[in-house]
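What's in target.pdb: PDB, C-alpha atoms
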ATOM      1  CA  MET L   1     110.130 115.271  91.432
ATOM      2  CA  ILE L   2     106.508 114.382  90.831
ATOM      3  CA  LEU L   3     105.025 111.195  89.439
ATOM      4  CA  PRO L   4     102.701 111.577  86.461
ATOM      5  CA  SER L   5      99.081 111.768  87.588
ATOM      6  CA  HIS L   6      98.088 108.396  86.106
ATOM      7  CA  LEU L   7     100.650 106.665  88.346
ATOM      8  CA  LEU L   8      99.629 108.311  91.599
ATOM      9  CA  THR L   9      96.865 105.789  92.313
ATOM     10  CA  HIS L  10      99.129 102.729  92.020
ATOM     11  CA  ALA L  11      99.747 101.452  95.554
ATOM     12  CA  GLU L  12     101.773  98.306  94.794
ATOM     13  CA  TRP L  13     105.202  98.555  93.143
ATOM     14  CA  VAL L  14     108.431  96.662  92.666
ATOM     15  CA  PHE L  15     111.667  98.545  93.417
ATOM     16  CA  LEU L  16     114.557  96.867  91.598
ATOM     17  CA  GLY L  17     117.953  97.756  93.040
ATOM     18  CA  PRO L  18     121.539  97.403  91.823
ATOM     19  CA  MET L  19     122.221  94.027  93.453
ATOM     20  CA  GLY L  20     119.781  92.199  91.151
ATOM     21  CA  PRO L  21     119.327  89.500  89.973
ATOM     22  CA  ARG L  22     116.499  89.606  87.443
ATOM     23  CA  LEU L  23     112.986  89.651  88.824
ATOM     24  CA  PRO L  24     111.098  86.408  89.445
ATOM     25  CA  SER L  25     107.947  85.737  87.464
ATOM     26  CA  GLN L  26     105.554  86.531  90.334
ATOM     27  CA  LEU L  27     106.745  90.153  90.496
ATOM     28  CA  LEU L  28     106.773  90.842  86.752
ATOM     29  CA  PRO L  29     103.089  91.948  86.462
ATOM     30  CA  LEU L  30     103.590  94.820  88.947
ATOM     31  CA  PRO L  31     104.686  98.324  87.919
ATOM     32  CA  LEU L  32     108.486  98.533  88.100
ATOM     33  CA  LEU L  33     110.714 101.279  89.448
ATOM     34  CA  THR L  34     114.427 100.727  88.843
ATOM     35  CA  VAL L  35     116.814 102.308  91.329
ATOM     36  CA  ASP L  36     119.959 103.312  89.439
ATOM     37  CA  GLY L  37     121.878 100.066  88.704
ATOM     38  CA  GLY L  38     118.658  98.110  89.013
ATOM     39  CA  GLY L  39     118.276  99.085  85.372
ATOM     40  CA  ASN L  40     120.990  96.523  84.560
ATOM     41  CA  PHE L  41     118.497  93.767  85.378
ATOM     42  CA  ALA L  42     115.384  94.936  83.511
ATOM     43  CA  LYS L  43     114.667  95.452  79.820
ATOM     44  CA  SER L  44     112.349  98.331  80.671
ATOM     45  CA  ALA L  45     110.679 100.038  83.616
ATOM     46  CA  VAL L  46     107.922 102.500  84.303
ATOM     47  CA  VAL L  47     110.225 104.740  86.367
ATOM     48  CA  TRP L  48     113.998 105.021  86.757
ATOM     49  CA  VAL L  49     115.609 107.044  89.558
ATOM     50  CA  GLY L  50     119.330 107.507  90.066
ATOM     51  CA  ASP L  51     122.654 109.183  89.368
ATOM     52  CA  GLN L  52     124.031 106.458  87.043
ATOM     53  CA  ASP L  53     126.934 105.529  89.310
ATOM     54  CA  SER L  54     125.997 101.836  89.187
ATOM     55  CA  LEU L  55     124.233 101.660  85.811
ATOM     56  CA  ASN L  56     126.111  99.900  83.010
ATOM     57  CA  CYS L  57     123.601 100.360  80.205
ATOM     58  CA  ASP L  58     121.301 102.950  78.684
ATOM     59  CA  ILE L  59     118.294 103.967  80.778
ATOM     60  CA  GLN L  60     115.207 102.085  79.635
ATOM     61  CA  ALA L  61     112.224 103.642  81.373
ATOM     62  CA  GLU L  62     109.102 105.576  80.531
ATOM     63  CA  PHE L  63     109.855 108.238  83.135
ATOM     64  CA  ILE L  64     113.405 109.183  84.126
ATOM     65  CA  PHE L  65     114.425 111.103  87.263
ATOM     66  CA  ARG L  66     118.135 111.817  86.961
ATOM     67  CA  HIS L  67     120.134 113.209  89.888
ATOM     68  CA  PRO L  68     123.690 114.456  90.403
ATOM     69  CA  ARG L  69     126.155 112.158  92.103
ATOM     70  CA  GLU L  70     126.943 114.791  94.714
ATOM     71  CA  LYS L  71     123.784 114.755  96.829
ATOM     72  CA  ASP L  72     122.703 114.234 100.439
ATOM     73  CA  LEU L  73     120.110 111.492  99.861
ATOM     74  CA  SER L  74     120.433 108.021  98.400
ATOM     75  CA  ASP L  75     118.791 107.019  95.146
ATOM     76  CA  LEU L  76     116.364 104.856  97.114
ATOM     77  CA  ALA L  77     115.384 107.768  99.360
ATOM     78  CA  LEU L  78     114.729 109.913  96.297
ATOM     79  CA  ALA L  79     112.649 107.138  94.742
ATOM     80  CA  LEU L  80     110.540 106.742  97.879
ATOM     81  CA  GLY L  81     110.017 110.499  97.892
ATOM     82  CA  LEU L  82     107.944 110.151  94.719
ATOM     83  CA  PHE L  83     105.168 108.424  96.655
ATOM     84  CA  THR L  84     103.252 111.008  98.645
ATOM     85  CA  ALA L  85      99.611 110.047  98.104
ATOM     86  CA  PRO L  86      97.657 108.835 101.178
ATOM     87  CA  LEU L  87      97.547 105.207 100.022
ATOM     88  CA  ARG L  88      98.166 101.893 101.741
ATOM     89  CA  TYR L  89     101.362 101.141  99.877
ATOM     90  CA  LYS L  90     102.783  97.685  99.310
ATOM     91  CA  PHE L  91     106.340  97.750  98.000
ATOM     92  CA  HIS L  92     108.548  94.839  96.983
ATOM     93  CA  PHE L  93     112.273  95.613  97.320
ATOM     94  CA  TRP L  94     114.365  93.370  95.074
ATOM     95  CA  GLY L  95     118.110  93.820  94.698
ATOM     96  CA  LEU L  96     118.422  96.094  97.728
ATOM     97  CA  LEU L  97     119.923  93.572 100.160
ATOM     98  CA  GLY L  98     123.488  92.301 100.024
ATOM     99  CA  GLY L  99     126.614  94.129  98.972
ATOM    100  CA  ARG L 100     127.923  96.843 101.275
ATOM    101  CA  ARG L 101     126.515  96.590 104.782
ATOM    102  CA  ASP L 102     126.194 100.352 105.174
ATOM    103  CA  HIS L 103     124.048 100.519 102.020
ATOM    104  CA  GLU L 104     121.924  97.660 103.292
ATOM    105  CA  LEU L 105     121.446  99.300 106.683
ATOM    106  CA  PHE L 106     120.569 102.685 105.229
ATOM    107  CA  ASN L 107     118.120 101.092 102.789
ATOM    108  CA  LEU L 108     116.361  99.632 105.804
ATOM    109  CA  GLY L 109     116.422 103.017 107.537
ATOM    110  CA  GLU L 110     114.983 104.890 104.545
ATOM    111  CA  ALA L 111     112.228 102.311 104.198
ATOM    112  CA  LEU L 112     111.223 102.664 107.858
ATOM    113  CA  ARG L 113     111.369 106.449 107.542
ATOM    114  CA  PHE L 114     108.946 106.222 104.628
ATOM    115  CA  LEU L 115     106.592 104.109 106.739
ATOM    116  CA  GLU L 116     106.580 106.785 109.442
ATOM    117  CA  LEU L 117     104.591 108.877 106.981
ATOM    118  CA  HIS L 118     102.399 106.070 105.648
ATOM    119  CA  ASN L 119     100.438 104.107 108.219
ATOM    120  CA  GLU L 120      99.079 100.714 107.168
ATOM    121  CA  SER L 121     101.710 100.451 104.437
ATOM    122  CA  GLN L 122     104.229  97.631 104.145
ATOM    123  CA  ILE L 123     107.504  96.777 102.432
ATOM    124  CA  PHE L 124     108.959  93.356 101.649
ATOM    125  CA  MET L 125     112.724  93.054 101.245
ATOM    126  CA  TYR L 126     113.890  89.955  99.346
ATOM    127  CA  ASN L 127     117.298  88.322  99.274
ATOM    128  CA  GLU L 128     118.978  87.133  96.076
ATOM    129  CA  GLU L 129     117.258  83.748  96.387
ATOM    130  CA  GLY L 130     113.815  85.315  96.352
ATOM    131  CA  ARG L 131     113.064  84.777 100.026
ATOM    132  CA  ILE L 132     111.617  87.515 102.208
ATOM    133  CA  ARG L 133     114.218  88.540 104.758
ATOM    134  CA  PHE L 134     112.573  91.702 106.106
ATOM    135  CA  HIS L 135     108.882  92.537 106.351
ATOM    136  CA  LEU L 136     108.507  96.200 107.273
ATOM    137  CA  LEU L 137     105.203  97.433 108.675
ATOM    138  CA  GLY L 138     103.835 100.912 109.142
ATOM    139  CA  ALA L 139     101.635 101.651 112.143
ATOM    140  CA  GLY L 140      98.536  99.457 112.120
ATOM    141  CA  ARG L 141      97.193  95.999 112.827
ATOM    142  CA  TRP L 142      98.748  93.111 110.944
ATOM    143  CA  THR L 143      98.769  89.336 110.689
ATOM    144  CA  PHE L 144     101.549  87.261 109.168
ATOM    145  CA  ALA L 145     101.942  83.494 108.938
ATOM    146  CA  HIS L 146     105.323  81.918 109.567
ATOM    147  CA  GLN L 147     106.983  78.734 110.719
ATOM    148  CA  GLY L 148     110.277  79.227 112.498
ATOM    149  CA  LEU L 149     112.404  81.970 113.967
ATOM    150  CA  PHE L 150     111.763  85.671 113.561
ATOM    151  CA  SER L 151     112.972  88.851 115.214
ATOM    152  CA  LEU L 152     110.955  92.029 115.630
ATOM    153  CA  GLY L 153     112.592  95.414 115.963
ATOM    154  CA  THR L 154     112.406  99.115 115.311
ATOM    155  CA  MET L 155     114.638 102.108 114.660
ATOM    156  CA  ALA L 156     112.470 104.490 116.656
ATOM    157  CA  LYS L 157     110.812 104.052 120.040
ATOM    158  CA  THR L 158     107.367 102.542 119.581
ATOM    159  CA  GLU L 159     104.766 100.386 121.308
ATOM    160  CA  VAL L 160     103.954  96.886 120.023
ATOM    161  CA  LEU L 161     101.390  94.268 121.019
ATOM    162  CA  LEU L 162     102.063  90.713 119.854
ATOM    163  CA  SER L 163      99.655  87.760 119.938
ATOM    164  CA  GLY L 164      98.905  84.532 118.157
ATOM    165  CA  ALA L 165     100.943  81.435 117.398
ATOM    166  CA  CYS L 166     104.386  82.386 118.657
ATOM    167  CA  ARG L 167     106.591  81.305 121.520
ATOM    168  CA  TYR L 168     106.910  84.624 123.358
ATOM    169  CA  VAL L 169     103.628  86.484 123.737
ATOM    170  CA  PRO L 170     103.641  89.445 126.162
ATOM    171  CA  GLN L 171     100.381  89.989 128.007
ATOM    172  CA  THR L 172     100.545  93.770 127.585
ATOM    173  CA  PRO L 173     101.979  96.110 124.939
ATOM    174  CA  VAL L 174     105.772  96.291 124.934
ATOM    175  CA  THR L 175     107.768  99.463 124.339
ATOM    176  CA  LEU L 176     110.546  98.772 121.859
ATOM    177  CA  PHE L 177     113.611 100.994 121.688
ATOM    178  CA  PRO L 178     115.790 101.398 118.589
ATOM    179  CA  LEU L 179     117.512  98.114 117.756
ATOM    180  CA  SER L 180     116.954  96.773 121.270
ATOM    181  CA  SER L 181     117.139  93.010 121.751
ATOM    182  CA  THR L 182     113.667  92.781 123.311
ATOM    183  CA  GLY L 183     112.185  91.306 120.140
ATOM    184  CA  LEU L 184     115.145  89.102 119.252
ATOM    185  CA  SER L 185     114.677  85.430 118.321
ATOM    186  CA  ASN L 186     110.997  84.713 118.787
ATOM    187  CA  GLU L 187     109.503  81.638 117.127
ATOM    188  CA  ALA L 188     106.261  81.360 115.159
ATOM    189  CA  HIS L 189     104.215  78.267 114.383
ATOM    190  CA  GLY L 190     101.281  79.784 112.509
ATOM    191  CA  PRO L 191      99.484  83.140 112.256
ATOM    192  CA  VAL L 192     100.949  85.948 114.372
ATOM    193  CA  ASN L 193      99.103  89.191 115.120
ATOM    194  CA  VAL L 194     100.934  92.493 115.495
ATOM    195  CA  GLU L 195      99.574  95.867 116.548
ATOM    196  CA  ASN L 196     102.186  98.617 116.324
ATOM    197  CA  ARG L 197     101.986 102.354 116.861
ATOM    198  CA  GLY L 198     105.036 103.096 114.727
ATOM    199  CA  PRO L 199     107.113 101.442 111.988
ATOM    200  CA  ILE L 200     108.701  98.098 112.789
ATOM    201  CA  PHE L 201     110.636  95.421 110.955
ATOM    202  CA  ILE L 202     110.289  91.656 111.152
ATOM    203  CA  TYR L 203     113.404  89.714 110.197
ATOM    204  CA  PHE L 204     113.197  86.105 109.038
ATOM    205  CA  PRO L 205     116.598  84.405 109.356
ATOM    206  CA  GLY L 206     115.476  81.192 107.673
ATOM    207  CA  GLU L 207     113.199  80.263 104.804
ATOM    208  CA  LYS L 208     109.725  81.717 104.547
TER     209      LYS L 208
END

Have the structure of the file written as structure tokens, please.
Amino acid sequence: MILPSHLLTHAEWVFLGPMGPRLPSQLLPLPLLTVDGGGNFAKSAVVWVGDQDSLNCDIQAEFIFRHPREKDLSDLALALGLFTAPLRYKFHFWGLLGGRRDHELFNLGEALRFLELHNESQIFMYNEEGRIRFHLLGAGRWTFAHQGLFSLGTMAKTEVLLSGACRYVPQTPVTLFPLSSTGLSNEAHGPVNVENRGPIFIYFPGEK
């Protein structure tokens, strides 16, 4: 699968998944990729990727990448595989949290796997209320502003340096192991700086 050449330079996209609901107004101006049943919640899209196992309507997209249901990668993984250019990507995942927990977990894993190949790229994962629950960061230097609890983790061993307005600030870089509790339940009260050598996720349990 290859994206048409005129789409290869677009670094910011919305991925609309099968959990919906319809996109909020602030995401509507961005190019839209519907992941299988995400097409149920959009009148049209630039790209559709899937096997139609969760789609209840006709495919409405400019470019269609149809796959068999018997395959060894998820529709989301196949969609992410379209983006191979050396860009600083910024993806908004809508409708990809909730539902089956295994799907949710593997969506998170595929997103972090994508970031292994794309330093200085980031992915936001929204819940059904439009709040950011996960902020995924490729290797790089980042700053985010938050008030309240957050947890920082990884699915692959990596080194992280944390500074700024948060309760627990290590004086030296910390080695995080996959899903270890080292970064569990920190608290921010302003801008937080992160320097990470590999992909990480930041989870916000409350409002952001």

Applied to the shown file, which residues does the PyMOL selection byres ((chain L and resi 10-18) around 9) return, written as a PyMOL selection string? chain L and resi 6-9+19-23+27-28+30-42+54-55+76+79+83+85+87-97

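What separates atom CA of L:Gly130 from atom CA of L:Glu104 is a distance of 16.3 Å.
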
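Atom CA of L:His103 sits 27.6 Å away from atom CA of L:Thr175.
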
So, counting all atoms listed in the file, which residue among L:Leu179, L:Leu136, L:Leu184, L:Val194 is closest to L:Leu162? L:Val194

Would you tabulate, counting all atoms listed in the file, all residues of stretch 49-157 of chain L that have an atom at most 8 Å from an atom of stretch 200-207 of chain L, showing the closest pair of atoms and their distance in Å to one decimal, sorted by chain then ascending number, as JSON lines?
{"residue": "L:Leu112", "atom": "CA", "partner": "L:Ile200", "partner_atom": "CA", "distance": 7.2}
{"residue": "L:Arg131", "atom": "CA", "partner": "L:Glu207", "partner_atom": "CA", "distance": 6.6}
{"residue": "L:Ile132", "atom": "CA", "partner": "L:Phe204", "partner_atom": "CA", "distance": 7.2}
{"residue": "L:Arg133", "atom": "CA", "partner": "L:Phe204", "partner_atom": "CA", "distance": 5.0}
{"residue": "L:Phe134", "atom": "CA", "partner": "L:Tyr203", "partner_atom": "CA", "distance": 4.6}
{"residue": "L:His135", "atom": "CA", "partner": "L:Ile202", "partner_atom": "CA", "distance": 5.1}
{"residue": "L:Leu136", "atom": "CA", "partner": "L:Phe201", "partner_atom": "CA", "distance": 4.3}
{"residue": "L:Leu137", "atom": "CA", "partner": "L:Ile200", "partner_atom": "CA", "distance": 5.4}
{"residue": "L:Gly138", "atom": "CA", "partner": "L:Ile200", "partner_atom": "CA", "distance": 6.7}
{"residue": "L:Ala139", "atom": "CA", "partner": "L:Ile200", "partner_atom": "CA", "distance": 7.9}
{"residue": "L:Gly148", "atom": "CA", "partner": "L:Gly206", "partner_atom": "CA", "distance": 7.4}
{"residue": "L:Leu149", "atom": "CA", "partner": "L:Phe204", "partner_atom": "CA", "distance": 6.5}
{"residue": "L:Phe150", "atom": "CA", "partner": "L:Phe204", "partner_atom": "CA", "distance": 4.8}
{"residue": "L:Ser151", "atom": "CA", "partner": "L:Tyr203", "partner_atom": "CA", "distance": 5.1}
{"residue": "L:Leu152", "atom": "CA", "partner": "L:Ile202", "partner_atom": "CA", "distance": 4.5}
{"residue": "L:Gly153", "atom": "CA", "partner": "L:Phe201", "partner_atom": "CA", "distance": 5.4}
{"residue": "L:Thr154", "atom": "CA", "partner": "L:Ile200", "partner_atom": "CA", "distance": 4.6}
{"residue": "L:Met155", "atom": "CA", "partner": "L:Ile200", "partner_atom": "CA", "distance": 7.4}

What is the atom CA of L:Phe177-atom CA of L:Lys157 distance in Å, reported with one decimal?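 Interatomic distance, atom CA of L:Phe177 to atom CA of L:Lys157: 4.5 Å.
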
Quick one: of L:Pro24, L:Pro170, L:Gly183, L:Gly140, who's nearest to L:Glu195, counting all atoms listed in the file?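 Nearest candidate to L:Glu195 out of L:Pro24, L:Pro170, L:Gly183, L:Gly140: L:Gly140.
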
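Neighbouring residues of L:Ser74 at 9 Å or closer, counting only C-alpha atoms and skipping chain neighbours under 4 positions away, are L:Gly50, L:Leu78, L:Ala79, L:Phe106, L:Asn107, L:Glu110.
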
So, counting all atoms listed in the file, which residue among L:Phe65, L:Pro199, L:Phe124, L:Ala77 is closest to L:Pro4? L:Phe65

To box stretch 83-97 of chain L, take all atoms listed in the file, fit an axis-aligned box, add 8 Å on each side, and give centre and edge lengths in Å to one decimal, as AutoDock Vina command-line options.
--center_x 108.7 --center_y 102.2 --center_z 98.2 --size_x 38.4 --size_y 33.6 --size_z 23.0

Check what the PyMOL selection byres ((chain L and resi 69) around 8) selects in the file above and give those residues as a tab-separated table (two decimals) with C-alpha atoms, keeping the file's coordinate frame.
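In the end it all went to part_10.tsv:
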chain	number	residue	atom	x	y	z
L	51	ASP	CA	122.65	109.18	89.37
L	52	GLN	CA	124.03	106.46	87.04
L	53	ASP	CA	126.93	105.53	89.31
L	67	HIS	CA	120.13	113.21	89.89
L	68	PRO	CA	123.69	114.46	90.40
L	70	GLU	CA	126.94	114.79	94.71
L	71	LYS	CA	123.78	114.76	96.83

Starting from the PyMOL selection byres ((chain L and resi 46) around 8), expand the selection into actual residues of this file and give them as a ChimeraX atom specification. /L:31-33,44-45,47-48,61-63

Repaired coordinates for stretch 85-120 of chain L (N, CA and C atoms) as a PDB file, keeping the file's coordinate frame:
ATOM      1  N   ALA L  85     101.064 110.159  97.989  1.00  0.00           N
ATOM      2  CA  ALA L  85      99.611 110.047  98.104  1.00  0.00           C
ATOM      3  C   ALA L  85      99.245 109.267  99.373  1.00  0.00           C
ATOM      4  N   PRO L  86      98.084 109.533  99.958  1.00  0.00           N
ATOM      5  CA  PRO L  86      97.657 108.835 101.178  1.00  0.00           C
ATOM      6  C   PRO L  86      97.091 107.445 100.859  1.00  0.00           C
ATOM      7  N   LEU L  87      97.958 106.559 100.389  1.00  0.00           N
ATOM      8  CA  LEU L  87      97.547 105.207 100.022  1.00  0.00           C
ATOM      9  C   LEU L  87      98.129 104.198 101.000  1.00  0.00           C
ATOM     10  N   ARG L  88      97.581 103.004 100.996  1.00  0.00           N
ATOM     11  CA  ARG L  88      98.166 101.893 101.741  1.00  0.00           C
ATOM     12  C   ARG L  88      99.144 101.188 100.797  1.00  0.00           C
ATOM     13  N   TYR L  89     100.381 101.634 100.829  1.00  0.00           N
ATOM     14  CA  TYR L  89     101.362 101.141  99.877  1.00  0.00           C
ATOM     15  C   TYR L  89     101.833  99.730 100.228  1.00  0.00           C
ATOM     16  N   LYS L  90     102.176  99.004  99.173  1.00  0.00           N
ATOM     17  CA  LYS L  90     102.783  97.685  99.310  1.00  0.00           C
ATOM     18  C   LYS L  90     103.935  97.625  98.318  1.00  0.00           C
ATOM     19  N   PHE L  91     105.156  97.711  98.840  1.00  0.00           N
ATOM     20  CA  PHE L  91     106.340  97.750  98.000  1.00  0.00           C
ATOM     21  C   PHE L  91     107.122  96.448  98.134  1.00  0.00           C
ATOM     22  N   HIS L  92     107.686  96.017  97.023  1.00  0.00           N
ATOM     23  CA  HIS L  92     108.548  94.839  96.983  1.00  0.00           C
ATOM     24  C   HIS L  92     109.956  95.311  96.622  1.00  0.00           C
ATOM     25  N   PHE L  93     110.888  95.184  97.552  1.00  0.00           N
ATOM     26  CA  PHE L  93     112.273  95.613  97.320  1.00  0.00           C
ATOM     27  C   PHE L  93     113.100  94.408  96.879  1.00  0.00           C
ATOM     28  N   TRP L  94     113.549  94.454  95.640  1.00  0.00           N
ATOM     29  CA  TRP L  94     114.365  93.370  95.074  1.00  0.00           C
ATOM     30  C   TRP L  94     115.718  93.966  94.673  1.00  0.00           C
ATOM     31  N   GLY L  95     116.791  93.304  95.050  1.00  0.00           N
ATOM     32  CA  GLY L  95     118.110  93.820  94.698  1.00  0.00           C
ATOM     33  C   GLY L  95     118.587  94.945  95.580  1.00  0.00           C
ATOM     34  N   LEU L  96     118.028  95.044  96.788  1.00  0.00           N
ATOM     35  CA  LEU L  96     118.422  96.094  97.728  1.00  0.00           C
ATOM     36  C   LEU L  96     118.990  95.529  99.022  1.00  0.00           C
ATOM     37  N   LEU L  97     119.205  94.222  99.069  1.00  0.00           N
ATOM     38  CA  LEU L  97     119.923  93.572 100.160  1.00  0.00           C
ATOM     39  C   LEU L  97     121.202  92.964  99.600  1.00  0.00           C
ATOM     40  N   GLY L  98     122.206  92.826 100.472  1.00  0.00           N
ATOM     41  CA  GLY L  98     123.488  92.301 100.024  1.00  0.00           C
ATOM     42  C   GLY L  98     124.435  93.439  99.684  1.00  0.00           C
ATOM     43  N   GLY L  99     125.645  93.093  99.295  1.00  0.00           N
ATOM     44  CA  GLY L  99     126.614  94.129  98.972  1.00  0.00           C
ATOM     45  C   GLY L  99     127.126  94.803 100.232  1.00  0.00           C
ATOM     46  N   ARG L 100     127.399  96.093 100.142  1.00  0.00           N
ATOM     47  CA  ARG L 100     127.923  96.843 101.275  1.00  0.00           C
ATOM     48  C   ARG L 100     126.914  96.896 102.417  1.00  0.00           C
ATOM     49  N   ARG L 101     127.397  96.633 103.625  1.00  0.00           N
ATOM     50  CA  ARG L 101     126.515  96.590 104.782  1.00  0.00           C
ATOM     51  C   ARG L 101     125.953  97.965 105.114  1.00  0.00           C
ATOM     52  N   ASP L 102     126.724  99.029 104.876  1.00  0.00           N
ATOM     53  CA  ASP L 102     126.194 100.352 105.174  1.00  0.00           C
ATOM     54  C   ASP L 102     125.041 100.686 104.237  1.00  0.00           C
ATOM     55  N   HIS L 103     125.155 100.310 102.953  1.00  0.00           N
ATOM     56  CA  HIS L 103     124.048 100.519 102.020  1.00  0.00           C
ATOM     57  C   HIS L 103     122.814  99.743 102.472  1.00  0.00           C
ATOM     58  N   GLU L 104     123.029  98.496 102.855  1.00  0.00           N
ATOM     59  CA  GLU L 104     121.924  97.660 103.292  1.00  0.00           C
ATOM     60  C   GLU L 104     121.228  98.257 104.512  1.00  0.00           C
ATOM     61  N   LEU L 105     122.006  98.724 105.464  1.00  0.00           N
ATOM     62  CA  LEU L 105     121.446  99.300 106.683  1.00  0.00           C
ATOM     63  C   LEU L 105     120.681 100.581 106.387  1.00  0.00           C
ATOM     64  N   PHE L 106     121.241 101.424 105.536  1.00  0.00           N
ATOM     65  CA  PHE L 106     120.569 102.685 105.229  1.00  0.00           C
ATOM     66  C   PHE L 106     119.334 102.470 104.360  1.00  0.00           C
ATOM     67  N   ASN L 107     119.339 101.427 103.527  1.00  0.00           N
ATOM     68  CA  ASN L 107     118.120 101.092 102.789  1.00  0.00           C
ATOM     69  C   ASN L 107     116.993 100.747 103.758  1.00  0.00           C
ATOM     70  N   LEU L 108     117.345  99.982 104.776  1.00  0.00           N
ATOM     71  CA  LEU L 108     116.361  99.632 105.804  1.00  0.00           C
ATOM     72  C   LEU L 108     115.875 100.885 106.527  1.00  0.00           C
ATOM     73  N   GLY L 109     116.797 101.787 106.845  1.00  0.00           N
ATOM     74  CA  GLY L 109     116.422 103.017 107.537  1.00  0.00           C
ATOM     75  C   GLY L 109     115.522 103.906 106.702  1.00  0.00           C
ATOM     76  N   GLU L 110     115.824 104.054 105.409  1.00  0.00           N
ATOM     77  CA  GLU L 110     114.983 104.890 104.545  1.00  0.00           C
ATOM     78  C   GLU L 110     113.589 104.282 104.386  1.00  0.00           C
ATOM     79  N   ALA L 111     113.526 102.970 104.322  1.00  0.00           N
ATOM     80  CA  ALA L 111     112.228 102.311 104.198  1.00  0.00           C
ATOM     81  C   ALA L 111     111.374 102.546 105.440  1.00  0.00           C
ATOM     82  N   LEU L 112     111.969 102.430 106.621  1.00  0.00           N
ATOM     83  CA  LEU L 112     111.223 102.664 107.858  1.00  0.00           C
ATOM     84  C   LEU L 112     110.843 104.133 107.992  1.00  0.00           C
ATOM     85  N   ARG L 113     111.698 105.017 107.528  1.00  0.00           N
ATOM     86  CA  ARG L 113     111.369 106.449 107.542  1.00  0.00           C
ATOM     87  C   ARG L 113     110.165 106.734 106.650  1.00  0.00           C
ATOM     88  N   PHE L 114     110.103 106.075 105.509  1.00  0.00           N
ATOM     89  CA  PHE L 114     108.946 106.222 104.628  1.00  0.00           C
ATOM     90  C   PHE L 114     107.676 105.765 105.340  1.00  0.00           C
ATOM     91  N   LEU L 115     107.772 104.653 106.066  1.00  0.00           N
ATOM     92  CA  LEU L 115     106.592 104.109 106.739  1.00  0.00           C
ATOM     93  C   LEU L 115     106.134 104.985 107.896  1.00  0.00           C
ATOM     94  N   GLU L 116     107.011 105.832 108.423  1.00  0.00           N
ATOM     95  CA  GLU L 116     106.580 106.785 109.442  1.00  0.00           C
ATOM     96  C   GLU L 116     105.496 107.712 108.904  1.00  0.00           C
ATOM     97  N   LEU L 117     105.536 107.956 107.613  1.00  0.00           N
ATOM     98  CA  LEU L 117     104.591 108.877 106.981  1.00  0.00           C
ATOM     99  C   LEU L 117     103.406 108.160 106.341  1.00  0.00           C
ATOM    100  N   HIS L 118     103.441 106.823 106.351  1.00  0.00           N
ATOM    101  CA  HIS L 118     102.399 106.070 105.648  1.00  0.00           C
ATOM    102  C   HIS L 118     101.948 104.896 106.511  1.00  0.00           C
ATOM    103  N   ASN L 119     101.004 105.172 107.390  1.00  0.00           N
ATOM    104  CA  ASN L 119     100.438 104.107 108.219  1.00  0.00           C
ATOM    105  C   ASN L 119      99.766 103.060 107.340  1.00  0.00           C
ATOM    106  N   GLU L 120      99.728 101.838 107.836  1.00  0.00           N
ATOM    107  CA  GLU L 120      99.079 100.714 107.168  1.00  0.00           C
ATOM    108  C   GLU L 120      99.702 100.409 105.805  1.00  0.00           C
TER     109      GLU L 120
END
